[in-house]
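J.: Below is the structure I would like to discuss, written out as structure tokens.
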Amino acid sequence: DTINAAQHSLQKLRAFREQQTPSLESVAQILREMISRAEASAIRDMTKTQYCREEAKRLLTQTKRTKRQFKEKQARMELLRAAEAKCGYTCPQYSRIQMDLVNARKDVEHELTMASILKDQVKHLENWCT
């Protein structure tokens with residue numbers, strides 16, 4: 001029963017990850033295009049152009065970092081789920097694994113929140129800079 005629950009949770013996580021990861025890639029693509037447009041255009045207001053270029057570069061770096069951290073946190077959670085399934089309710093490490101799982105789940109949720117914030121920042125930057 002524990003193994004089935006762990007497998008079900010893992011399947012749900014994988015499906016959720018497949019939905020989230022491409023969106024971060026699309027955010028990165030938008031930022032690359034913005035950088036390219038900002039560098040190629042001859043906009044009169046150089047202050048705004050410079051800001052847009054620098055902010056797009058910063059957000060692109062943050063997007064890459066968030067994507068990497070999301071994958072790392074999710075992999076850790078998957079390892080803990082496997083350890084939980086292997087351990088069962090009676091092993092001495094069960095409580096520790098459960099605590100680590102709570103923390104891992106919060107870490108994954110944090111990265112998803114960061115991804116959502118980044119998407120909003122990119123949308124607003126794109127609207128302002130174009």
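Note on naming: chains are A, B, ... as they come in the structure tokens, residues start from 1 per chain, ligands start from 1 in the order shown.
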Skipping near chain neighbours, those fewer than 3 positions away, what residues fall within 7 Å of segment 116-129 of chain A using only C-alpha atoms, listed as an MDAnalysis selection string?

T.: chainID A and resid 27 52 63 112:113

J.: Could you save the residues just selected, with N, CA and C atoms, as a compact mmCIF listing (two decimals), in the first residue's frame?

T.:
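See out.txt below for the written result:
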```txt
# COMPACT_ATOMS: atom_id res chain seq x y z
N VAL A 27 10.01 30.71 -21.03
CA VAL A 27 10.39 31.98 -20.40
C VAL A 27 11.82 32.34 -20.79
N CYS A 52 16.32 47.49 -19.88
CA CYS A 52 15.66 46.30 -20.43
C CYS A 52 16.67 45.20 -20.71
N THR A 63 16.24 32.48 -14.24
CA THR A 63 15.41 31.41 -14.80
C THR A 63 16.20 30.12 -14.91
N LEU A 112 8.66 26.17 -7.38
CA LEU A 112 7.50 26.42 -8.24
C LEU A 112 6.99 27.85 -8.05
N THR A 113 7.01 28.33 -6.83
CA THR A 113 6.61 29.71 -6.56
C THR A 113 7.58 30.67 -7.23
```

J.: Neighbouring residues of segment 103-111 of chain A were defined as those with any atom within 7 Å, considering only C-alpha atoms; residues of the same chain fewer than 5 positions away were excluded. Please report them as number ranges by chain.

T.: A: 66, 70, 73-74, 76-77

J.: I need the residues from that last selection saved to file as a PDB file, in the first residue's frame (with N, CA, C and O atoms), if you can.

T.:
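As written to disk, result-v4.pdb reads:
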```pdb
ATOM      1  N   THR A  66      16.717  28.779 -11.373  1.00  0.00           N
ATOM      2  CA  THR A  66      15.479  28.220 -10.829  1.00  0.00           C
ATOM      3  C   THR A  66      15.153  26.876 -11.472  1.00  0.00           C
ATOM      4  O   THR A  66      14.759  25.932 -10.777  1.00  0.00           O
ATOM      5  N   PHE A  70      14.989  23.523  -9.331  1.00  0.00           N
ATOM      6  CA  PHE A  70      13.747  22.760  -9.322  1.00  0.00           C
ATOM      7  C   PHE A  70      14.037  21.291  -9.620  1.00  0.00           C
ATOM      8  O   PHE A  70      13.543  20.398  -8.922  1.00  0.00           O
ATOM      9  N   LYS A  73      15.804  19.716  -6.553  1.00  0.00           N
ATOM     10  CA  LYS A  73      14.901  19.507  -5.412  1.00  0.00           C
ATOM     11  C   LYS A  73      13.921  18.375  -5.705  1.00  0.00           C
ATOM     12  O   LYS A  73      13.615  17.570  -4.828  1.00  0.00           O
ATOM     13  N   GLN A  74      13.449  18.316  -6.927  1.00  0.00           N
ATOM     14  CA  GLN A  74      12.515  17.264  -7.294  1.00  0.00           C
ATOM     15  C   GLN A  74      13.199  15.893  -7.273  1.00  0.00           C
ATOM     16  O   GLN A  74      12.614  14.912  -6.811  1.00  0.00           O
ATOM     17  N   ARG A  76      15.699  15.045  -5.389  1.00  0.00           N
ATOM     18  CA  ARG A  76      15.860  14.692  -3.973  1.00  0.00           C
ATOM     19  C   ARG A  76      14.559  14.134  -3.404  1.00  0.00           C
ATOM     20  O   ARG A  76      14.565  13.140  -2.684  1.00  0.00           O
ATOM     21  N   MET A  77      13.449  14.761  -3.750  1.00  0.00           N
ATOM     22  CA  MET A  77      12.175  14.281  -3.245  1.00  0.00           C
ATOM     23  C   MET A  77      11.877  12.880  -3.787  1.00  0.00           C
ATOM     24  O   MET A  77      11.379  12.023  -3.056  1.00  0.00           O
TER      25      MET A  77
END
```

J.: Find the residue from A:Gln98, A:Gln93, A:Thr130, A:Gly88 that sits nearest to Ile3 of chain A; use only C-alpha atoms when measuring.

T.: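 Comparing A:Gln98, A:Gln93, A:Thr130, A:Gly88 against Ile3 of chain A, the winner is A:Gly88.
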
J.: Between atom CA of Lys67 of chain A and atom CA of Ala115 of chain A, what is the distance in Å, rounded to a tenth?

T.: 7.8 Å

J.: Grab the atom CA of Ala85 of chain A to atom CA of Val102 of chain A distance for me, in Å with one decimal place.

T.: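 Separation of atom CA of Ala85 of chain A and atom CA of Val102 of chain A: 15.1 Å.
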
J.: Find the residue from A:Arg37, A:Lys71, A:Arg81, A:Arg32 that sits nearest to Asp100 of chain A; use only C-alpha atoms when measuring.

T.: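 Going through A:Arg37, A:Lys71, A:Arg81, A:Arg32 one by one, the smallest distance to Asp100 of chain A is for A:Arg81.
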
J.: A:Ile30, A:Leu24, A:Cys91, A:Ile35: which is nearest Tyr51 of chain A, counting only C-alpha atoms?

T.: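 Comparing A:Ile30, A:Leu24, A:Cys91, A:Ile35 against Tyr51 of chain A, the winner is A:Ile35.
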
J.: Closest to Leu31 of chain A among A:Ile97, A:Gln62, A:Asn4, A:Gln50, using only C-alpha atoms?

T.: A:Gln62

J.: So what do you get for atom CA of Met114 of chain A versus atom CA of Gln29 of chain A, distance-wise?

T.: 17.5 Å
